[in-house]
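Trainee: If it helps, the file is called data_19.cif and holds mmCIF, C-alpha atoms:
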```cif
data_query
#
loop_
_atom_site.label_atom_id
_atom_site.label_comp_id
_atom_site.auth_asym_id
_atom_site.auth_seq_id
_atom_site.Cartn_x
_atom_site.Cartn_y
_atom_site.Cartn_z
CA MET T 1 -24.81 50.60 1.71
CA ASP T 2 -21.66 50.35 -0.35
CA PHE T 3 -20.52 47.47 1.77
CA LEU T 4 -23.80 45.65 1.35
CA GLN T 5 -23.71 46.22 -2.38
CA LYS T 6 -20.16 44.85 -2.58
CA LEU T 7 -21.15 41.79 -0.57
CA GLY T 8 -24.17 41.19 -2.75
CA HIS T 9 -22.16 41.66 -5.91
CA LYS T 10 -19.50 39.20 -4.77
CA THR T 11 -22.06 36.61 -3.75
CA LEU T 12 -23.91 36.91 -7.02
CA SER T 13 -20.76 36.68 -9.09
CA ARG T 14 -19.66 33.59 -7.13
CA PHE T 15 -22.96 31.91 -7.83
CA ALA T 16 -22.81 32.98 -11.46
CA ALA T 17 -19.33 31.43 -11.73
CA LEU T 18 -20.59 28.23 -10.12
CA GLY T 19 -23.47 28.18 -12.58
CA ARG T 20 -21.22 28.80 -15.58
CA SER T 21 -18.82 26.06 -14.51
CA THR T 22 -21.66 23.59 -13.99
CA ARG T 23 -23.13 24.47 -17.37
CA MET T 24 -19.73 23.96 -18.95
CA LEU T 25 -19.34 20.54 -17.31
CA ILE T 26 -22.86 19.44 -18.22
CA GLY T 27 -22.45 20.72 -21.77
CA ALA T 28 -19.22 18.76 -22.09
CA LEU T 29 -20.38 15.52 -20.54
CA VAL T 30 -24.05 15.10 -21.35
CA ASN T 31 -23.94 13.84 -24.89
CA ILE T 32 -23.86 10.62 -26.82
CA PRO T 33 -20.18 9.79 -27.19
CA ASN T 34 -18.93 8.95 -30.63
CA PRO T 35 -16.22 6.32 -30.03
CA LYS T 36 -14.74 6.69 -33.49
CA LYS T 37 -14.15 10.43 -33.15
CA GLY T 38 -13.73 10.59 -29.38
CA THR T 39 -11.21 7.84 -28.73
CA PRO T 40 -8.21 9.38 -30.56
CA LEU T 41 -8.84 12.69 -28.81
CA LEU T 42 -9.09 10.93 -25.43
CA ILE T 43 -5.92 8.91 -26.04
CA ARG T 44 -4.00 12.03 -26.99
CA GLN T 45 -5.13 13.72 -23.76
CA LEU T 46 -4.37 10.60 -21.70
CA TYR T 47 -0.86 10.83 -23.10
CA MET T 48 -0.51 14.54 -22.33
CA ILE T 49 -2.12 14.42 -18.88
CA GLY T 50 -1.48 10.89 -17.64
CA TYR T 51 1.66 9.52 -19.21
CA GLN T 52 3.62 12.76 -19.03
CA SER T 53 2.86 13.10 -15.31
CA LEU T 54 4.19 9.61 -14.66
CA LEU T 55 7.80 10.56 -14.00
CA ILE T 56 7.14 13.28 -11.43
CA ILE T 57 4.61 11.04 -9.67
CA MET T 58 6.96 8.06 -9.48
CA VAL T 59 9.97 10.06 -8.34
CA SER T 60 7.95 11.92 -5.69
CA GLY T 61 6.40 8.65 -4.56
CA LEU T 62 9.77 6.99 -4.17
CA PHE T 63 11.16 9.83 -2.09
CA ILE T 64 8.04 10.26 0.05
CA GLY T 65 8.05 6.54 0.82
CA MET T 66 11.73 6.64 1.73
CA VAL T 67 11.28 9.68 3.97
CA LEU T 68 8.24 8.13 5.68
CA ALA T 69 10.19 4.97 6.41
CA LEU T 70 13.15 6.92 7.76
CA GLN T 71 11.02 9.16 9.98
CA GLY T 72 8.76 6.35 11.12
CA TYR T 73 11.70 4.14 11.97
CA THR T 74 13.41 6.70 14.20
CA VAL T 75 10.23 7.07 16.27
CA LEU T 76 9.18 3.41 16.33
CA VAL T 77 12.61 2.03 17.20
CA GLY T 78 12.39 3.82 20.55
CA TYR T 79 9.50 1.53 21.50
CA GLY T 80 11.04 -1.55 19.94
CA ALA T 81 8.13 -1.50 17.52
CA GLU T 82 10.04 -0.97 14.29
CA ASP T 83 8.28 -4.03 12.87
CA SER T 84 5.15 -1.88 12.63
CA LEU T 85 6.85 0.31 10.04
CA GLY T 86 5.02 -1.55 7.24
CA PRO T 87 1.45 -0.72 8.32
CA LEU T 88 2.45 2.82 9.32
CA VAL T 89 3.77 3.55 5.85
CA ALA T 90 1.08 1.65 3.94
CA LEU T 91 -1.87 3.13 5.82
CA SER T 92 -0.65 6.71 5.67
CA LEU T 93 0.03 6.33 1.96
CA LEU T 94 -3.14 4.54 0.93
CA ARG T 95 -5.49 6.64 3.03
CA GLU T 96 -3.99 10.11 2.78
CA LEU T 97 -0.70 10.81 1.12
CA GLY T 98 -1.27 8.85 -2.07
CA PRO T 99 -4.48 10.59 -3.19
CA VAL T 100 -3.65 14.02 -1.73
CA VAL T 101 -0.05 14.42 -2.86
CA THR T 102 -0.92 13.03 -6.27
CA ALA T 103 -3.75 15.55 -6.58
CA LEU T 104 -1.50 18.44 -5.55
CA LEU T 105 1.23 17.42 -7.97
CA PHE T 106 -1.38 16.80 -10.64
CA ALA T 107 -2.81 20.30 -10.14
CA GLY T 108 0.65 21.79 -10.58
CA ARG T 109 1.78 19.58 -13.42
CA ALA T 110 -1.35 18.94 -15.50
CA GLY T 111 -4.00 21.36 -14.19
CA SER T 112 -1.96 24.47 -14.91
CA ALA T 113 -1.15 23.17 -18.39
CA LEU T 114 -4.84 22.55 -19.10
CA THR T 115 -5.78 26.06 -18.00
CA ALA T 116 -3.02 27.69 -20.00
CA GLU T 117 -3.82 25.68 -23.12
CA ILE T 118 -7.54 26.40 -23.08
CA GLY T 119 -6.99 30.00 -22.06
CA LEU T 120 -4.69 30.52 -25.02
CA MET T 121 -7.21 28.82 -27.29
CA LYS T 122 -9.74 31.34 -26.08
CA ALA T 123 -7.37 34.30 -26.41
CA THR T 124 -6.42 33.37 -29.97
CA GLU T 125 -10.10 32.79 -30.77
CA GLN T 126 -9.66 29.14 -31.62
CA LEU T 127 -12.71 28.28 -29.56
CA SER T 128 -14.79 30.84 -31.47
CA SER T 129 -13.46 29.46 -34.76
CA LEU T 130 -14.60 25.99 -33.76
CA GLU T 131 -18.06 27.36 -33.07
CA MET T 132 -18.00 29.10 -36.45
CA MET T 133 -17.39 25.68 -37.99
CA ALA T 134 -20.37 24.30 -36.04
CA ILE T 135 -18.13 22.21 -33.79
CA ASP T 136 -19.05 22.42 -30.14
CA PRO T 137 -15.81 23.35 -28.32
CA LEU T 138 -17.22 21.86 -25.13
CA LYS T 139 -17.41 18.45 -26.73
CA ARG T 140 -14.32 18.72 -28.87
CA VAL T 141 -11.95 20.43 -26.41
CA ILE T 142 -13.30 20.18 -22.88
CA ALA T 143 -14.81 16.68 -22.77
CA PRO T 144 -11.70 14.63 -23.74
CA ARG T 145 -9.54 16.65 -21.35
CA PHE T 146 -12.00 16.12 -18.53
CA TRP T 147 -12.23 12.37 -19.03
CA ALA T 148 -8.47 12.06 -19.41
CA GLY T 149 -7.92 13.82 -16.09
CA PHE T 150 -10.67 11.84 -14.40
CA ILE T 151 -9.18 8.52 -15.57
CA SER T 152 -5.52 9.42 -15.12
CA MET T 153 -5.44 10.66 -11.57
CA PRO T 154 -6.63 7.51 -9.77
CA ILE T 155 -4.14 5.50 -11.82
CA LEU T 156 -1.40 7.95 -10.91
CA ALA T 157 -2.40 7.75 -7.23
CA LEU T 158 -2.20 3.94 -7.31
CA ILE T 159 1.24 4.07 -8.93
CA PHE T 160 2.31 6.68 -6.37
CA SER T 161 1.29 4.49 -3.43
CA ALA T 162 2.85 1.34 -4.87
CA VAL T 163 6.16 3.04 -5.65
CA ALA T 164 6.19 4.75 -2.25
CA ILE T 165 5.69 1.44 -0.43
CA LEU T 166 8.55 -0.03 -2.43
CA GLY T 167 10.65 3.01 -1.48
CA ALA T 168 9.76 2.46 2.18
CA HIS T 169 10.75 -1.19 1.82
CA LEU T 170 14.05 -0.09 0.30
CA VAL T 171 14.88 2.15 3.25
CA GLY T 172 13.20 0.19 6.04
CA VAL T 173 14.24 -3.34 5.14
CA ASP T 174 17.31 -3.09 2.96
CA TRP T 175 18.94 -0.20 4.72
CA LEU T 176 17.67 0.01 8.32
CA GLY T 177 17.25 -3.75 8.80
CA VAL T 178 13.56 -4.13 9.63
CA ASP T 179 12.58 -7.78 9.14
CA SER T 180 11.15 -8.23 5.66
CA GLY T 181 8.56 -10.81 6.71
CA SER T 182 7.27 -8.64 9.55
CA PHE T 183 7.18 -5.61 7.25
CA TRP T 184 4.85 -7.36 4.81
CA SER T 185 2.91 -9.64 7.16
CA ILE T 186 1.91 -6.97 9.66
CA MET T 187 1.08 -4.65 6.77
CA GLN T 188 -1.17 -7.31 5.28
CA ALA T 189 -2.78 -7.97 8.63
CA GLN T 190 -3.60 -4.31 9.16
CA VAL T 191 -4.49 -3.03 5.68
CA SER T 192 -7.95 -3.95 4.48
CA PHE T 193 -8.81 -3.92 0.80
CA GLU T 194 -12.25 -2.33 1.09
CA LYS T 195 -11.61 0.09 3.90
CA ASP T 196 -8.21 1.39 2.90
CA ILE T 197 -7.47 0.72 -0.75
CA LEU T 198 -10.97 1.25 -2.16
CA ASN T 199 -11.59 4.33 -0.04
CA GLY T 200 -8.28 5.75 -1.25
CA ILE T 201 -9.36 5.15 -4.84
CA ILE T 202 -12.72 6.83 -4.22
CA LYS T 203 -10.85 9.78 -2.75
CA SER T 204 -8.64 10.13 -5.78
CA PHE T 205 -11.68 10.00 -8.11
CA VAL T 206 -13.21 12.90 -6.17
CA PHE T 207 -9.94 14.85 -6.32
CA ALA T 208 -9.65 14.11 -10.04
CA LEU T 209 -13.13 15.53 -10.61
CA VAL T 210 -12.38 18.64 -8.55
CA VAL T 211 -8.94 19.41 -9.99
CA THR T 212 -9.82 18.80 -13.64
CA TRP T 213 -13.06 20.70 -13.37
CA ILE T 214 -11.40 23.74 -11.79
CA ALA T 215 -8.56 23.67 -14.32
CA LEU T 216 -10.90 23.45 -17.31
CA TYR T 217 -13.29 26.07 -15.99
CA LYS T 218 -10.53 28.57 -15.20
CA GLY T 219 -9.16 28.22 -18.70
CA TYR T 220 -12.56 28.35 -20.37
CA ASP T 221 -13.70 31.34 -18.35
CA CYS T 222 -10.46 33.36 -18.32
CA ILE T 223 -10.09 36.93 -19.52
CA PRO T 224 -8.60 36.39 -22.99
CA THR T 225 -5.43 38.40 -22.50
CA SER T 226 -1.93 37.32 -21.54
CA GLU T 227 -2.47 38.74 -18.06
CA GLY T 228 -5.81 36.97 -17.76
CA ILE T 229 -4.26 33.63 -18.70
CA SER T 230 -1.47 34.00 -16.15
CA LYS T 231 -4.02 34.88 -13.48
CA ALA T 232 -6.21 31.94 -14.43
CA THR T 233 -3.27 29.53 -14.28
CA THR T 234 -2.29 30.73 -10.83
CA GLU T 235 -5.89 30.49 -9.66
CA THR T 236 -6.11 26.93 -10.94
CA VAL T 237 -3.21 25.77 -8.81
CA VAL T 238 -4.26 27.71 -5.72
CA HIS T 239 -7.96 26.89 -5.85
CA SER T 240 -7.58 23.25 -6.72
CA SER T 241 -4.95 22.69 -4.02
CA LEU T 242 -7.20 24.28 -1.41
CA ALA T 243 -10.23 22.38 -2.68
CA VAL T 244 -8.32 19.09 -2.53
CA LEU T 245 -7.27 19.69 1.06
CA GLY T 246 -10.78 20.73 2.06
CA PHE T 247 -12.42 17.76 0.39
CA ASP T 248 -9.78 15.50 1.90
CA PHE T 249 -10.86 16.54 5.38
CA LEU T 250 -14.52 15.98 4.55
CA LEU T 251 -13.91 12.58 2.96
CA THR T 252 -11.64 11.45 5.79
CA ALA T 253 -14.27 12.46 8.32
CA VAL T 254 -16.89 10.43 6.46
CA MET T 255 -14.75 7.41 5.61
CA PHE T 256 -12.47 6.79 8.57
CA SER T 257 -14.08 8.35 11.62
CA GLY T 258 -16.92 5.89 12.06
CA MET L 1 4.66 12.40 -32.56
CA ASN L 2 2.57 9.84 -34.39
CA THR L 3 -0.58 8.22 -33.09
CA ARG L 4 0.91 4.76 -32.71
CA LYS L 5 3.66 5.92 -30.38
CA ILE L 6 1.18 7.89 -28.27
CA GLU L 7 -1.11 4.89 -28.05
CA ILE L 8 1.76 2.64 -26.95
CA LEU L 9 2.80 5.10 -24.24
CA VAL L 10 -0.77 5.46 -22.99
CA GLY L 11 -0.99 1.67 -22.95
CA LEU L 12 2.16 1.59 -20.85
CA PHE L 13 0.65 4.13 -18.49
CA VAL L 14 -2.54 2.15 -18.01
CA ALA L 15 -0.58 -1.10 -17.62
CA LEU L 16 1.53 0.48 -14.88
CA GLY L 17 -1.67 1.52 -13.16
CA VAL L 18 -3.00 -2.03 -13.32
CA ILE L 19 0.29 -3.39 -11.96
CA ALA L 20 0.21 -0.87 -9.11
CA PHE L 21 -3.34 -1.89 -8.28
CA ALA L 22 -2.41 -5.56 -8.33
CA VAL L 23 0.61 -4.94 -6.09
CA LEU L 24 -1.51 -2.99 -3.62
CA ALA L 25 -4.36 -5.49 -3.66
CA LEU L 26 -2.27 -8.65 -3.41
CA LYS L 27 0.96 -7.70 -1.71
CA VAL L 28 -0.18 -4.98 0.66
CA ALA L 29 -3.70 -6.01 1.59
CA ASN L 30 -3.77 -9.77 1.27
CA SER L 31 -1.35 -12.58 1.76
CA GLY L 32 0.99 -12.54 -1.17
CA ILE L 33 3.31 -15.15 -2.57
CA SER L 34 6.29 -15.63 -0.32
CA GLY L 35 9.86 -15.91 -1.50
CA SER L 36 11.26 -19.10 -2.98
CA GLY L 37 14.02 -21.25 -1.57
CA GLU L 38 14.31 -24.72 -0.15
CA TYR L 39 12.25 -25.36 2.94
CA TYR L 40 11.10 -28.17 5.13
CA VAL L 41 8.05 -28.13 7.37
CA LEU L 42 7.76 -28.70 11.11
CA ASN L 43 4.64 -28.55 13.24
CA ALA L 44 4.19 -27.59 16.86
CA LYS L 45 1.15 -27.66 19.13
CA PHE L 46 0.68 -24.79 21.54
CA GLU L 47 -1.87 -24.09 24.23
CA ASN L 48 -2.13 -20.44 23.30
CA ILE L 49 -0.42 -18.62 20.47
CA GLY L 50 -1.18 -15.08 21.66
CA SER L 51 -1.03 -12.81 18.61
CA LEU L 52 1.37 -14.88 16.53
CA LYS L 53 0.62 -14.42 12.84
CA ALA L 54 1.41 -16.25 9.64
CA ARG L 55 4.77 -15.20 8.15
CA ALA L 56 6.16 -14.30 11.58
CA PRO L 57 9.89 -15.04 11.75
CA ILE L 58 11.34 -18.17 13.39
CA LYS L 59 14.60 -17.44 15.12
CA VAL L 60 17.45 -19.36 16.64
CA GLY L 61 19.37 -17.08 18.98
CA GLY L 62 17.95 -14.08 17.15
CA VAL L 63 18.85 -15.25 13.64
CA VAL L 64 15.91 -15.81 11.29
CA ILE L 65 15.91 -19.36 9.91
CA GLY L 66 12.31 -19.68 8.75
CA ARG L 67 8.77 -18.36 8.78
CA VAL L 68 5.42 -19.38 10.19
CA GLU L 69 3.54 -20.86 7.26
CA GLY L 70 0.11 -21.21 8.76
CA ILE L 71 -1.82 -21.56 11.99
CA SER L 72 -4.71 -23.96 12.35
CA ILE L 73 -6.71 -25.71 15.05
CA HIS L 74 -5.97 -29.36 15.78
CA PRO L 75 -9.13 -31.22 14.69
CA GLN L 76 -9.39 -33.45 17.78
CA GLU L 77 -7.64 -31.60 20.58
CA PHE L 78 -8.75 -28.05 19.71
CA VAL L 79 -5.39 -26.50 20.34
CA PRO L 80 -3.55 -24.30 17.86
CA VAL L 81 -1.06 -26.02 15.57
CA VAL L 82 1.62 -23.87 13.98
CA ASN L 83 3.19 -24.93 10.67
CA MET L 84 6.74 -23.74 10.36
CA LYS L 85 8.75 -23.50 7.15
CA ILE L 86 12.43 -23.76 7.99
CA ASP L 87 15.45 -23.45 5.75
CA ALA L 88 16.31 -26.86 4.31
CA ASN L 89 19.93 -26.47 5.45
CA TYR L 90 18.71 -27.12 8.98
CA GLU L 91 16.83 -30.31 8.19
CA CYS L 92 17.94 -33.19 10.42
CA GLN L 93 20.14 -30.84 12.46
CA PHE L 94 17.84 -30.44 15.46
CA SER L 95 17.02 -33.24 17.85
CA ASP L 96 13.39 -33.94 18.72
CA THR L 97 14.05 -32.67 22.24
CA THR L 98 14.34 -29.17 20.78
CA SER L 99 11.90 -26.71 22.32
CA VAL L 100 9.92 -23.91 20.66
CA SER L 101 8.53 -20.88 22.45
CA ILE L 102 6.49 -17.87 21.41
CA LEU L 103 8.43 -14.73 22.29
CA THR L 104 7.85 -11.02 21.87
CA SER L 105 10.34 -8.58 20.39
CA GLY L 106 10.49 -5.42 22.47
CA ILE L 107 7.71 -4.16 24.70
CA LEU L 108 5.17 -3.49 21.99
CA GLY L 109 6.81 -5.58 19.31
CA GLU L 110 5.44 -8.43 17.29
CA GLN L 111 5.54 -12.05 18.38
CA TYR L 112 7.92 -14.56 16.86
CA LEU L 113 8.93 -18.18 17.40
CA GLY L 114 12.17 -18.85 19.18
CA ILE L 115 13.77 -22.28 18.80
CA SER L 116 16.14 -23.45 21.51
CA PRO L 117 17.99 -26.06 19.51
CA VAL L 118 19.31 -29.34 20.79
CA ILE L 119 21.79 -30.62 18.26
CA ALA L 120 20.95 -34.07 16.96
CA SER L 121 23.49 -36.83 17.42
CA GLU L 122 25.47 -37.96 14.41
CA SER L 123 23.66 -41.29 14.12
CA ALA L 124 20.24 -39.67 14.40
CA ARG L 125 21.22 -37.22 11.69
CA GLN L 126 22.37 -39.99 9.42
CA SER L 127 19.25 -42.09 9.91
CA CYS L 128 17.10 -38.99 9.39
CA LEU L 129 18.88 -38.22 6.12
CA GLY L 130 18.25 -41.79 5.05
CA ASN L 131 21.83 -43.05 5.26
CA ASP L 132 20.94 -45.80 7.68
CA SER L 133 24.32 -46.80 9.06
CA ALA L 134 24.79 -50.12 10.75
CA GLY L 135 23.46 -48.58 13.96
CA ASN L 136 26.35 -49.62 16.12
CA SER L 137 27.93 -46.25 16.81
CA GLU L 138 28.81 -45.11 20.29
CA ALA L 139 26.01 -42.61 20.45
CA ASP L 140 23.48 -45.33 19.90
CA GLU L 141 24.98 -47.32 22.68
CA LEU L 142 24.85 -44.28 24.94
CA ASP L 143 21.21 -43.73 24.06
CA ASP L 144 20.50 -47.36 24.77
CA LEU L 145 22.26 -47.01 28.07
CA PHE L 146 20.05 -44.13 29.17
CA GLY L 147 16.97 -45.57 27.56
CA VAL L 148 16.50 -42.50 25.35
CA GLU L 149 15.88 -42.71 21.68
CA SER L 150 16.59 -39.26 20.33
CA LYS L 151 15.75 -38.62 16.70
CA ALA L 152 16.48 -35.73 14.39
CA LEU L 153 13.62 -33.54 13.22
CA LYS L 154 12.71 -34.02 9.57
CA ASN L 155 10.03 -32.77 7.22
CA GLY L 156 6.54 -33.06 8.73
CA ASP L 157 7.62 -33.83 12.31
CA MET L 158 5.88 -32.45 15.37
CA ILE L 159 7.88 -30.66 18.05
CA ALA L 160 6.63 -31.82 21.43
CA ASP L 161 8.30 -29.34 23.76
CA THR L 162 6.50 -26.01 23.32
CA LYS L 163 5.99 -22.93 25.48
CA SER L 164 2.93 -20.83 24.83
CA ALA L 165 2.74 -17.10 24.51
CA LEU L 166 2.50 -15.02 27.64
CA VAL L 167 -0.86 -13.33 27.74
CA LEU L 168 -0.79 -10.25 29.89
CA GLU L 169 -4.38 -10.58 31.13
CA GLU L 170 -3.77 -14.14 32.32
CA LEU L 171 -0.62 -13.08 34.14
CA ILE L 172 -2.44 -10.23 35.86
CA GLY L 173 -5.33 -12.56 36.67
CA GLN L 174 -3.01 -15.10 38.24
CA PHE L 175 -1.23 -12.38 40.19
CA LEU L 176 -4.50 -11.01 41.57
CA PHE L 177 -5.71 -14.51 42.37
CA ASN L 178 -2.54 -15.25 44.30
CA GLN L 179 -2.80 -11.93 46.13
CA GLY L 180 -6.36 -12.73 47.09
CA GLY L 181 -5.35 -16.14 48.37
CA GLU L 182 -2.81 -14.79 50.82
#
```
Re-express the file's structure as structure tokens.

Mentor:
Amino acid sequence: MDFLQKLGHKTLSRFAALGRSTRMLIGALVNIPNPKKGTPLLIRQLYMIGYQSLLIIMVSGLFIGMVLALQGYTVLVGYGAEDSLGPLVALSLLRELGPVVTALLFAGRAGSALTAEIGLMKATEQLSSLEMMAIDPLKRVIAPRFWAGFISMPILALIFSAVAILGAHLVGVDWLGVDSGSFWSIMQAQVSFEKDILNGIIKSFVFALVVTWIALYKGYDCIPTSEGISKATTETVVHSSLAVLGFDFLLTAVMFSG
Amino acid sequence: MNTRKIEILVGLFVALGVIAFAVLALKVANSGISGSGEYYVLNAKFENIGSLKARAPIKVGGVVIGRVEGISIHPQEFVPVVNMKIDANYECQFSDTTSVSILTSGILGEQYLGISPVIASESARQSCLGNDSAGNSEADELDDLFGVESKALKNGDMIADTKSALVLEELIGQFLFNQGGE
């Protein structure tokens, strides 16, 4: 009986959390935006979430591209097929690594910060104060952060892929001596705009939704103590990383298996 | 930090995103703009180009001297015509008896064009470059003797001596056909 009760309790609390998070998202997003008030808030969040993640994304992209080129070259050269390094690198980046690694880095860099910020706002009763002043914290605090994350991450993923391909070119062509024309021409022959680049962008929009939503909900729903905030921040990174990997499998199965 | 600075940095961020998208869309997925440099163009008709692609390298003894610019079908003869962009330093260096073949790098590698150069005679080179000398050099006399009129290849010329790509299926087909005949 105890076991059944525990199971039931857990299930119900999961569904309650799902409901609360959906209500939070709907409350934040379903409204008539006021461009005059909303834009400065959005730009500030784009700066905090997007621009400040730029460095880590570009540096990681450069190194991942270089490593891919190095690893790919050592395998391909055995078959005399090192000219295919270009499509190998470009396809793995555009389809998988670009969106996924960006989302994981984004969860660590920006998601944890979002959770901690909102959690502390809750703990210091700033959110309640806003409500006292008849300002909806969902619209004032949550909505700009959500849109900033949703806009930033696909841009970051695109920058990541572009920088990584340049890094692969650096190692493959300038260092290992793959022919530059083959590198680009075979890449262009194999990479399709709709199938690879657009699907990658769709993927990163889905990951952006998932990561930002989890980060905002964990902060908004945290226990307002220092321990609760630290737990919520950890949960943000863990849950959003797992969710990104899970969704990646689903999306890949839908997009690239047929 | 004031609003203006933040707005500029966000603008930079979005601009970088747009640039990345443009790079991916144009350079990675479609044919981009190739590098500059002086080039001249040669054409060659093949029977079968296999899987030769635009921008494939053109090599002389393994050294890249140009790129395939485009591949089209000859309007009357319905055979593939390959346009080759070759470094301008090599203009008027090759004789028109030079042969071009489609070769494969490695077992699974990509196909490229190999030029087996025949060096043009001095008089042919001069007349190709436009310095029409009196035309009484020894080489001319030799050519006259053998009844050959060798010219140097210049911009827009067609290379006559070409060897098509080896297509594995055709080779196997021929092999089986020959086996069956015995």

Trainee: Which residues are close to stretch 115-119 of chain L, i.e. within 10 Å by only C-alpha atoms, leaving aside same-chain residues fewer than 5 positions away? Reply as a VMD selection string.

Mentor: chain L and resid 58 to 62 65 92 to 103 124 to 125 152 162

Trainee: If you apply the PyMOL selection byres ((chain T and resi 88) around 10) to this file, what residues do you get, as an MDAnalysis selection string?

Mentor: chainID T and resid 68:69 72:73 76 82:87 89:93 183 186:187 190:191

Trainee: Evaluate the PyMOL selection byres ((chain T) within 9 of (chain L)) here and jot the selected residues down as a ChimeraX atom specification.

Mentor: /T:40,43-44,46-47,50-51,54,79-84,87,90,94,152,154-163,165,179,181-182,184-193,196-197

Trainee: Excluding same-chain residues fewer than 5 positions from T:Glu117, what lies within 12 Å of it counting only C-alpha atoms, as a list in words?

Mentor: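 So, after excluding close chain neighbours, the residues are Met48, Ala110, Gly111, Ser112, Lys122, Ala123, Thr124, Gln126, Leu127, Val141, Ile142, Arg145, Ala215, Leu216, Tyr217, Lys218, Gly219, Tyr220, Cys222, Pro224, Ser226, Ile229, Ser230, Ala232 and Thr233 of chain T.
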
Trainee: Write out as number ranges by chain each polymer residue whose atoms come within 12 Å of T:Ala143, counting only C-alpha atoms; drop sequence neighbours fewer than 2 positions from it.

Mentor: T: 24-34, 38-39, 41-42, 45, 136-141, 145-150, 212-213, 216-217

Trainee: Can you list, as a list in words, the residues that the PyMOL selection byres ((chain L and resi 50) around 7) selects here?

Mentor: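 Given this file, the PyMOL selection byres ((chain L and resi 50) around 7) evaluates to Asn48, Ile49, Ser51, Leu52, Ala165 and Val167 of chain L.
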
Trainee: What's the separation between atom CA of T:Leu251 and atom CA of T:Leu209, in Å to one decimal place?

Mentor: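 Spanning atom CA of T:Leu251 to atom CA of T:Leu209 is a straight-line distance of 13.9 Å.
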